[in-house]
>>> print(open('model.pdb').read())   # PDB, C-alpha atoms
ATOM      1  CA  MET N1421      29.440  67.046  71.615
ATOM      2  CA  LYS N1422      26.007  65.676  70.863
ATOM      3  CA  LEU N1423      23.930  66.485  67.799
ATOM      4  CA  TYR N1424      20.225  65.663  68.003
ATOM      5  CA  GLY N1425      18.731  65.337  64.549
ATOM      6  CA  HIS N1426      17.207  63.015  61.983
ATOM      7  CA  PRO N1427      18.690  61.763  58.686
ATOM      8  CA  ILE N1428      15.727  63.128  56.695
ATOM      9  CA  SER N1429      16.306  66.669  58.020
ATOM     10  CA  GLY N1430      18.250  69.072  55.846
ATOM     11  CA  ASN N1431      18.558  71.412  58.812
ATOM     12  CA  ALA N1432      20.232  68.746  60.917
ATOM     13  CA  HIS N1433      22.404  67.800  57.961
ATOM     14  CA  ARG N1434      23.896  71.302  57.860
ATOM     15  CA  ALA N1435      25.334  70.897  61.331
ATOM     16  CA  GLU N1436      26.401  67.299  60.735
ATOM     17  CA  ALA N1437      28.183  68.306  57.531
ATOM     18  CA  LEU N1438      30.219  71.050  59.179
ATOM     19  CA  LEU N1439      31.154  68.810  62.111
ATOM     20  CA  GLY N1440      32.448  66.243  59.633
ATOM     21  CA  ILE N1441      34.381  68.807  57.606
ATOM     22  CA  LEU N1442      35.992  70.215  60.745
ATOM     23  CA  GLY N1443      36.875  66.721  61.957
ATOM     24  CA  GLN N1444      35.035  67.102  65.249
ATOM     25  CA  ASP N1445      34.086  64.043  67.273
ATOM     26  CA  PHE N1446      30.402  64.046  68.167
ATOM     27  CA  GLU N1447      27.569  61.711  69.045
ATOM     28  CA  ASN N1448      24.895  61.763  66.371
ATOM     29  CA  ILE N1449      21.595  61.098  68.157
ATOM     30  CA  VAL N1450      18.604  60.298  65.958
ATOM     31  CA  VAL N1451      15.385  61.825  67.294
ATOM     32  CA  ASN N1452      12.417  59.633  66.384
ATOM     33  CA  LEU N1453      10.302  62.248  64.650
ATOM     34  CA  PRO N1454       7.527  59.903  63.434
ATOM     35  CA  ALA N1455       7.046  58.755  67.035
ATOM     36  CA  GLY N1456       6.890  62.357  68.254
ATOM     37  CA  GLU N1457      10.065  62.141  70.319
ATOM     38  CA  HIS N1458      10.804  65.781  69.475
ATOM     39  CA  LYS N1459       7.680  66.719  71.464
ATOM     40  CA  HIS N1460       8.649  64.772  74.586
ATOM     41  CA  PRO N1461       9.474  66.778  77.716
ATOM     42  CA  GLU N1462      13.134  65.703  77.652
ATOM     43  CA  PHE N1463      13.630  67.119  74.180
ATOM     44  CA  LEU N1464      11.495  70.203  74.773
ATOM     45  CA  ALA N1465      13.750  71.039  77.707
ATOM     46  CA  MET N1466      16.535  71.526  75.144
ATOM     47  CA  ASN N1467      14.374  73.105  72.448
ATOM     48  CA  PRO N1468      10.934  74.370  73.469
ATOM     49  CA  LEU N1469      10.056  74.654  69.775
ATOM     50  CA  GLY N1470      10.320  70.891  69.407
ATOM     51  CA  GLN N1471      12.524  70.977  66.313
ATOM     52  CA  VAL N1472      15.786  69.414  65.210
ATOM     53  CA  PRO N1473      18.675  69.988  65.233
ATOM     54  CA  VAL N1474      19.920  70.648  68.734
ATOM     55  CA  LEU N1475      23.633  70.829  69.515
ATOM     56  CA  VAL N1476      24.957  70.181  73.011
ATOM     57  CA  ASP N1477      28.606  71.101  73.569
ATOM     58  CA  GLY N1478      29.374  70.900  77.264
ATOM     59  CA  ASP N1479      27.157  73.506  78.902
ATOM     60  CA  VAL N1480      26.215  75.035  75.540
ATOM     61  CA  VAL N1481      22.818  74.114  74.096
ATOM     62  CA  LEU N1482      21.877  75.534  70.696
ATOM     63  CA  ARG N1483      18.576  74.898  68.928
ATOM     64  CA  ASP N1484      18.821  76.623  65.529
ATOM     65  CA  SER N1485      20.737  75.299  62.527
ATOM     66  CA  SER N1486      22.109  78.709  61.511
ATOM     67  CA  ALA N1487      23.191  79.452  65.066
ATOM     68  CA  ILE N1488      24.862  76.036  65.261
ATOM     69  CA  LEU N1489      26.771  76.672  62.027
ATOM     70  CA  ILE N1490      27.982  80.057  63.279
ATOM     71  CA  TYR N1491      29.009  78.607  66.647
ATOM     72  CA  LEU N1492      30.917  75.676  65.162
ATOM     73  CA  ALA N1493      32.633  77.787  62.534
ATOM     74  CA  ARG N1494      33.742  80.444  64.961
ATOM     75  CA  LYS N1495      34.823  78.053  67.726
ATOM     76  CA  TYR N1496      36.357  75.158  65.807
ATOM     77  CA  ASP N1497      37.606  76.581  62.494
ATOM     78  CA  ALA N1498      40.956  78.218  63.164
ATOM     79  CA  THR N1499      41.280  79.182  59.491
ATOM     80  CA  ASN N1500      38.115  81.327  59.554
ATOM     81  CA  GLN N1501      37.240  79.940  56.122
ATOM     82  CA  TRP N1502      33.757  78.769  56.999
ATOM     83  CA  LEU N1503      32.734  82.075  58.574
ATOM     84  CA  PRO N1504      35.021  84.839  57.312
ATOM     85  CA  THR N1505      36.017  87.618  59.701
ATOM     86  CA  ASP N1506      35.734  90.331  57.039
ATOM     87  CA  ALA N1507      32.630  92.433  57.665
ATOM     88  CA  LEU N1508      31.335  92.351  54.093
ATOM     89  CA  ALA N1509      31.944  88.614  53.696
ATOM     90  CA  GLN N1510      30.126  87.968  56.985
ATOM     91  CA  ALA N1511      27.203  90.045  55.765
ATOM     92  CA  LYS N1512      27.124  88.106  52.487
ATOM     93  CA  VAL N1513      27.099  84.817  54.412
ATOM     94  CA  GLN N1514      24.179  86.099  56.474
ATOM     95  CA  GLU N1515      22.268  86.943  53.301
ATOM     96  CA  TRP N1516      22.411  83.297  52.259
ATOM     97  CA  LEU N1517      21.614  81.995  55.737
ATOM     98  CA  SER N1518      18.461  84.095  55.542
ATOM     99  CA  VAL N1519      17.640  82.623  52.138
ATOM    100  CA  ALA N1520      18.089  79.133  53.596
ATOM    101  CA  VAL N1521      15.450  79.649  56.287
ATOM    102  CA  ASN N1522      13.075  81.760  54.204
ATOM    103  CA  GLU N1523      12.986  81.323  50.424
ATOM    104  CA  ILE N1524      14.398  77.784  50.469
ATOM    105  CA  ALA N1525      12.008  76.805  53.246
ATOM    106  CA  ARG N1526       9.009  78.120  51.297
ATOM    107  CA  GLY N1527      10.225  76.634  48.021
ATOM    108  CA  PRO N1528      12.446  73.524  47.750
ATOM    109  CA  PHE N1529      11.862  72.378  51.326
ATOM    110  CA  THR N1530       8.100  72.534  50.899
ATOM    111  CA  VAL N1531       8.157  70.778  47.512
ATOM    112  CA  ARG N1532      10.100  67.917  49.114
ATOM    113  CA  ALA N1533       8.107  67.841  52.340
ATOM    114  CA  ILE N1534       4.755  67.542  50.557
ATOM    115  CA  LYS N1535       5.930  64.350  48.868
ATOM    116  CA  VAL N1536       8.160  62.908  51.590
ATOM    117  CA  ILE N1537       6.249  63.569  54.812
ATOM    118  CA  GLY N1538       2.801  64.546  53.547
ATOM    119  CA  MET N1539       3.097  68.205  54.529
ATOM    120  CA  LYS N1540      -0.136  70.106  53.957
ATOM    121  CA  ALA N1541       0.780  72.926  51.589
ATOM    122  CA  ASP N1542       0.088  74.259  48.108
ATOM    123  CA  LEU N1543       2.377  72.281  45.782
ATOM    124  CA  ALA N1544       1.896  74.562  42.781
ATOM    125  CA  GLU N1545       2.831  77.606  44.848
ATOM    126  CA  ALA N1546       5.909  75.868  46.298
ATOM    127  CA  GLN N1547       7.010  74.792  42.829
ATOM    128  CA  SER N1548       6.536  78.334  41.518
ATOM    129  CA  ARG N1549       8.593  79.740  44.397
ATOM    130  CA  THR N1550      11.300  77.181  43.650
ATOM    131  CA  ASP N1551      11.321  78.031  39.946
ATOM    132  CA  ALA N1552      11.782  81.713  40.745
ATOM    133  CA  LEU N1553      14.419  81.111  43.396
ATOM    134  CA  PHE N1554      16.508  78.925  41.136
ATOM    135  CA  SER N1555      16.146  80.889  37.901
ATOM    136  CA  GLN N1556      16.415  84.391  39.379
ATOM    137  CA  LEU N1557      18.948  83.910  42.184
ATOM    138  CA  PHE N1558      20.902  80.665  42.385
ATOM    139  CA  GLU N1559      21.478  79.807  38.707
ATOM    140  CA  PRO N1560      22.759  83.244  37.594
ATOM    141  CA  HIS N1561      24.797  83.676  40.774
ATOM    142  CA  LEU N1562      26.455  80.266  40.462
ATOM    143  CA  ALA N1563      27.024  80.699  36.742
ATOM    144  CA  ALA N1564      29.279  83.629  37.664
ATOM    145  CA  GLN N1565      31.166  82.101  40.607
ATOM    146  CA  ASP N1566      31.860  78.708  42.141
ATOM    147  CA  TRP N1567      30.665  79.410  45.684
ATOM    148  CA  LEU N1568      27.905  81.475  47.217
ATOM    149  CA  VAL N1569      30.335  83.822  48.990
ATOM    150  CA  GLY N1570      33.869  84.559  47.857
ATOM    151  CA  ASP N1571      36.225  82.068  46.252
ATOM    152  CA  GLN N1572      35.910  79.180  48.703
ATOM    153  CA  PRO N1573      33.072  77.340  50.450
ATOM    154  CA  THR N1574      31.510  78.780  53.591
ATOM    155  CA  ILE N1575      28.649  77.876  55.895
ATOM    156  CA  ALA N1576      26.413  79.636  53.356
ATOM    157  CA  ASP N1577      26.957  76.747  50.943
ATOM    158  CA  LEU N1578      26.271  74.154  53.640
ATOM    159  CA  ALA N1579      23.087  75.925  54.752
ATOM    160  CA  CYS N1580      21.644  76.081  51.241
ATOM    161  CA  TYR N1581      22.824  72.710  49.937
ATOM    162  CA  GLY N1582      20.489  70.128  51.486
ATOM    163  CA  TYR N1583      16.997  71.091  50.402
ATOM    164  CA  ILE N1584      18.230  72.154  46.974
ATOM    165  CA  ALA N1585      20.083  68.881  46.423
ATOM    166  CA  ARG N1586      17.107  66.808  47.533
ATOM    167  CA  VAL N1587      14.291  68.839  45.998
ATOM    168  CA  THR N1588      14.308  65.946  43.528
ATOM    169  CA  ASP N1589      12.696  63.853  46.293
ATOM    170  CA  GLY N1590       9.636  65.973  45.544
ATOM    171  CA  ASP N1591       9.673  65.013  41.849
ATOM    172  CA  TYR N1592      11.221  68.356  40.917
ATOM    173  CA  SER N1593      13.867  68.169  38.196
ATOM    174  CA  LEU N1594      17.125  70.102  38.393
ATOM    175  CA  ASP N1595      17.981  69.388  34.758
ATOM    176  CA  ALA N1596      17.371  72.991  33.712
ATOM    177  CA  TYR N1597      20.010  74.327  36.115
ATOM    178  CA  PRO N1598      23.560  73.340  35.093
ATOM    179  CA  ALA N1599      25.245  75.890  37.365
ATOM    180  CA  ILE N1600      23.294  74.672  40.393
ATOM    181  CA  ASN N1601      24.167  71.064  39.573
ATOM    182  CA  ALA N1602      27.854  71.928  39.213
ATOM    183  CA  TRP N1603      27.757  73.726  42.575
ATOM    184  CA  LEU N1604      26.090  70.748  44.262
ATOM    185  CA  ALA N1605      28.867  68.529  42.913
ATOM    186  CA  ARG N1606      31.515  70.900  44.264
ATOM    187  CA  VAL N1607      29.900  70.909  47.699
ATOM    188  CA  GLU N1608      29.701  67.119  47.740
ATOM    189  CA  ALA N1609      33.411  66.929  46.829
ATOM    190  CA  ILE N1610      34.487  68.918  49.917
ATOM    191  CA  ASP N1611      36.822  66.835  52.072
ATOM    192  CA  GLY N1612      34.902  65.376  55.003
ATOM    193  CA  PHE N1613      31.481  66.254  53.583
ATOM    194  CA  THR N1614      28.726  63.632  53.650
ATOM    195  CA  PRO N1615      25.840  64.293  51.237
ATOM    196  CA  LEU N1616      22.262  64.376  52.461
ATOM    197  CA  GLY N1617      20.713  61.025  51.588
ATOM    198  CA  LYS N1618      17.795  60.600  49.226
ATOM    199  CA  ALA N1619      14.548  60.233  51.142
ATOM    200  CA  ALA N1620      13.826  56.729  49.827
ATOM    201  CA  ASP N1621      17.284  55.544  50.876
ATOM    202  CA  VAL N1622      16.961  57.153  54.307
ATOM    203  CA  PHE N1623      13.625  55.510  55.036
ATOM    204  CA  ALA N1624      14.872  52.141  53.756
ATOM    205  CA  ALA N1625      17.907  52.335  56.025
ATOM    206  CA  LEU N1626      15.804  53.295  59.034
ATOM    207  CA  LYS N1627      13.378  50.464  58.348
ATOM    208  CA  SER N1628      16.152  47.874  58.187
ATOM    209  CA  ALA N1629      17.992  49.192  61.251
TER     210      ALA N1629
END
>>> encode(input="model.pdb", output="structure tokens")
Amino acid sequence: MKLYGHPISGNAHRAEALLGILGQDFENIVVNLPAGEHKHPEFLAMNPLGQVPVLVDGDVVLRDSSAILIYLARKYDATNQWLPTDALAQAKVQEWLSVAVNEIARGPFTVRAIKVIGMKADLAEAQSRTDALFSQLFEPHLAAQDWLVGDQPTIADLACYGYIARVTDGDYSLDAYPAINAWLARVEAIDGFTPLGKAADVFAALKSA
């Protein structure tokens, strides 16, 4: 398998994290985003949207992080832990996958991206969205249970982890959210899981490579 991504990308990290947890061998290919490699014809042939991640598994090419998580969980997790087979549990996982690509993208992701990559967006609005998302959804939910769905981690936790954990890269404090912080620690303690690096550390490592 080959995973095309970038170490600054929370979306790519979701796929990388699950591959590590499942113990799958794969080639982690860094796409040079600052150089525009994701807009080159070779990459666009795999993903016309010009976005990471892309997973290549034999003849299978997948271009969406949620789709990649579902594919990996269903194909390579014999325990069905990471994507439960129960209809209600699957629906609950999908609820959080939707949050990951909608509310998290408009909130924590944007707060981080404004600071880290100079994204043009309204910081006050992104911070307000993040405040509401954390205080109204994540904090009360995680104060009542350890994981987003059921009593063990699923791909829902992996999908939501990255941009919440690293919203601090955007000078946003998580100090007011003890349940979220405890959940982040639980995710990072999962066997085989590699945390998403802090932006400053990622850029320093890339510069010295």
>>> resolve_selection(input="model.pdb", expression="the PyMOL selection byres ((chain N and resi 1470) around 10)", output="tab-separated table (two decimals) with C-alpha atoms, in the coordinates of the input")
chain	number	residue	atom	x	y	z
N	1453	LEU	CA	10.30	62.25	64.65
N	1456	GLY	CA	6.89	62.36	68.25
N	1457	GLU	CA	10.06	62.14	70.32
N	1458	HIS	CA	10.80	65.78	69.47
N	1459	LYS	CA	7.68	66.72	71.46
N	1460	HIS	CA	8.65	64.77	74.59
N	1461	PRO	CA	9.47	66.78	77.72
N	1463	PHE	CA	13.63	67.12	74.18
N	1464	LEU	CA	11.50	70.20	74.77
N	1465	ALA	CA	13.75	71.04	77.71
N	1466	MET	CA	16.54	71.53	75.14
N	1467	ASN	CA	14.37	73.10	72.45
N	1468	PRO	CA	10.93	74.37	73.47
N	1469	LEU	CA	10.06	74.65	69.78
N	1471	GLN	CA	12.52	70.98	66.31
N	1472	VAL	CA	15.79	69.41	65.21
N	1473	PRO	CA	18.68	69.99	65.23
N	1474	VAL	CA	19.92	70.65	68.73
N	1483	ARG	CA	18.58	74.90	68.93
>>> closest_atom_pairs(input="model.pdb", of="segment 1441-1486 of chain N", to="segment 1596-1616 of chain N", cutoff="12 Å", atoms="all atoms listed in the file", output="Markdown table")
| residue | atom | partner | partner_atom | distance |
| --- | --- | --- | --- | --- |
| N:Ile1441 | CA | N:Gly1612 | CA | 4.3 |
| N:Leu1442 | CA | N:Gly1612 | CA | 7.6 |
| N:Gly1443 | CA | N:Gly1612 | CA | 7.4 |
| N:Gln1444 | CA | N:Gly1612 | CA | 10.4 |
>>> closest_residue(input="model.pdb", among="N:Tyr1496, N:Phe1446, N:Tyr1424, N:Tyr1592", to="Ser1548 of chain N", atoms="all atoms listed in the file")
N:Tyr1592
>>> closest_residue(input="model.pdb", among="N:Asp1445, N:Gly1430, N:Ile1575, N:Ala1624", to="Val1587 of chain N", atoms="all atoms listed in the file")
N:Gly1430
>>> residues_around(input="model.pdb", residues="segment 1564-1571 of chain N", least_positions_apart="6", cutoff="12 Å", atoms="only C-alpha atoms", output="PyMOL selection string")
chain N and resi 1501-1504+1506+1508-1517+1519-1520+1557-1558+1577-1581+1599-1607+1610
>>> closest_residue(input="model.pdb", among="N:Leu1482, N:Val1476, N:His1433, N:Ala1487", to="Ser1518 of chain N", atoms="all atoms listed in the file")
N:Ala1487
>>> atom_distance(input="model.pdb", atom1="atom CA of Val1521 of chain N", atom2="atom CA of Arg1434 of chain N")
12.0 Å
>>> resolve_selection(input="model.pdb", expression="the PyMOL selection byres ((chain N and resi 1428) around 8)", output="PDB file with C-alpha atoms, in the coordinates of the input")
ATOM      1  CA  HIS N1426      17.207  63.015  61.983  1.00  0.00           C
ATOM      2  CA  PRO N1427      18.690  61.763  58.686  1.00  0.00           C
ATOM      3  CA  SER N1429      16.306  66.669  58.020  1.00  0.00           C
ATOM      4  CA  GLY N1430      18.250  69.072  55.846  1.00  0.00           C
ATOM      5  CA  LEU N1616      22.262  64.376  52.461  1.00  0.00           C
ATOM      6  CA  GLY N1617      20.713  61.025  51.588  1.00  0.00           C
ATOM      7  CA  ALA N1619      14.548  60.233  51.142  1.00  0.00           C
ATOM      8  CA  VAL N1622      16.961  57.153  54.307  1.00  0.00           C
TER       9      VAL N1622
END
>>> closest_residue(input="model.pdb", among="N:Met1539, N:Ala1620, N:Leu1594, N:Ile1488", to="Leu1475 of chain N", atoms="only C-alpha atoms")
N:Ile1488
>>> closest_residue(input="model.pdb", among="N:Asn1500, N:Thr1588, N:Asn1448, N:Thr1505", to="Gln1547 of chain N", atoms="only C-alpha atoms")
N:Thr1588
>>> atom_distance(input="model.pdb", atom1="atom CA of Ala1432 of chain N", atom2="atom CA of Lys1495 of chain N")
18.6 Å
>>> atom_distance(input="model.pdb", atom1="atom CA of Gly1478 of chain N", atom2="atom CA of Gly1582 of chain N")
27.3 Å
>>> closest_residue(input="model.pdb", among="N:Glu1559, N:Asp1595, N:Asp1477, N:Asp1589", to="Ala1533 of chain N", atoms="all atoms listed in the file")
N:Asp1589
>>> axis_aligned_box(input="model.pdb", around="segment 1540-1548 of chain N", padding_each_side="4 Å", output="lines of an AutoDock Vina configuration file")
center_x = 3.4
center_y = 74.2
center_z = 47.7
size_x = 15.1
size_y = 16.2
size_z = 20.4
>>> resolve_selection(input="model.pdb", expression="the PyMOL selection byres ((chain N and resi 1545) around 12)", output="list in words")
Arg1526, Gly1527, Pro1528, Thr1530, Val1531, Ile1534, Ala1541, Asp1542, Leu1543, Ala1544, Ala1546, Gln1547, Ser1548, Arg1549, Thr1550, Asp1551 and Ala1552 of chain N
